[in-house]
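A.B. asks: Got a structure for you, written out below as structure tokens; questions coming shortly.
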Amino acid sequence: MTDTQALDAERVCDIGRDPSALEAFYAAHYADVVRYFARRLQDPHDVADLVADTFIAALENAPTYDPRRGRPLPWLLGIGHNTLRRFYRQRLADRQAVARFAGRRLLDADDVALLEDQIDNERRAHRAYRMLSELSATDRELVELVDITGLSPKEAATAMGLMPGMARVRLFRARAKLRSALRIQEELE
């Protein structure tokens, strides 16, 4: 190792503690790092950002530099290589995120409110179906025929082979039981 290389290696070890060592290290290697990125990227803003990121990473990793493993410039360009790889991974992730949203429109406040209402309604409907399952099979079928299918109580009674008066009483009691269970459930929430 020449005297210049030894001095450069000392600068690496000192850049985290000594601002003048950092300044000298930066001045000595800035052009090489810029060339490294300029050969690989088209956007000058990206080049400037990655050069800055590389020197910041070098500053953070200075304590891990081992002069026995080589000169500071290859070490610094290795950091630059890793910085570039992270940049490309992030760019790919950004493109994939944009692609996922392509063709989708963003929701406005009315759309969000409508979806929230639908979610709430579905939650209530799920609760109601769960409570329906707690009714007897006859009462459940009666409620389903009248309240879900839309038959009149008399039509439901005919379909089920029940007396119309008996069907109305059973329907009244089943609905009351459901209302009570729903009210209790809502109070618990």
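In the structure tokens, chains take letters A, B, ... by order of appearance, with residues numbered from 1 within each chain and ligands from 1 in the order shown.
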From a backbone DSSP assignment, name each residue in chain A labelled alpha helix (DSSP H), as a count of residues only.

C.D. replies: 144

A.B. asks: Could you please determine the separation between atom CA of A:Arg183 and atom CA of A:Leu135 in Å, to one decimal place?

C.D. replies: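 So the two atoms, atom CA of A:Arg183 and atom CA of A:Leu135, lie 16.2 Å apart.
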
A.B. asks: Give me, please, the distance in Å between atom CA of A:Leu41 and atom CA of A:Phe87, quoted to one decimal.

C.D. replies: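 A separation of 10.8 Å between them.
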
A.B. asks: Could you list, as a ChimeraX atom specification, every residue within 10 Å of stretch 11-17 of chain A, counting only C-alpha atoms and ignoring same-chain residues fewer than 6 positions away?

C.D. replies: /A:5,23-26,58-67,71-73,75-76

A.B. asks: Report the distance between atom CA of A:Val47 and atom CA of A:Gly80 in Å, rounded to one decimal place.

C.D. replies: 10.8 Å
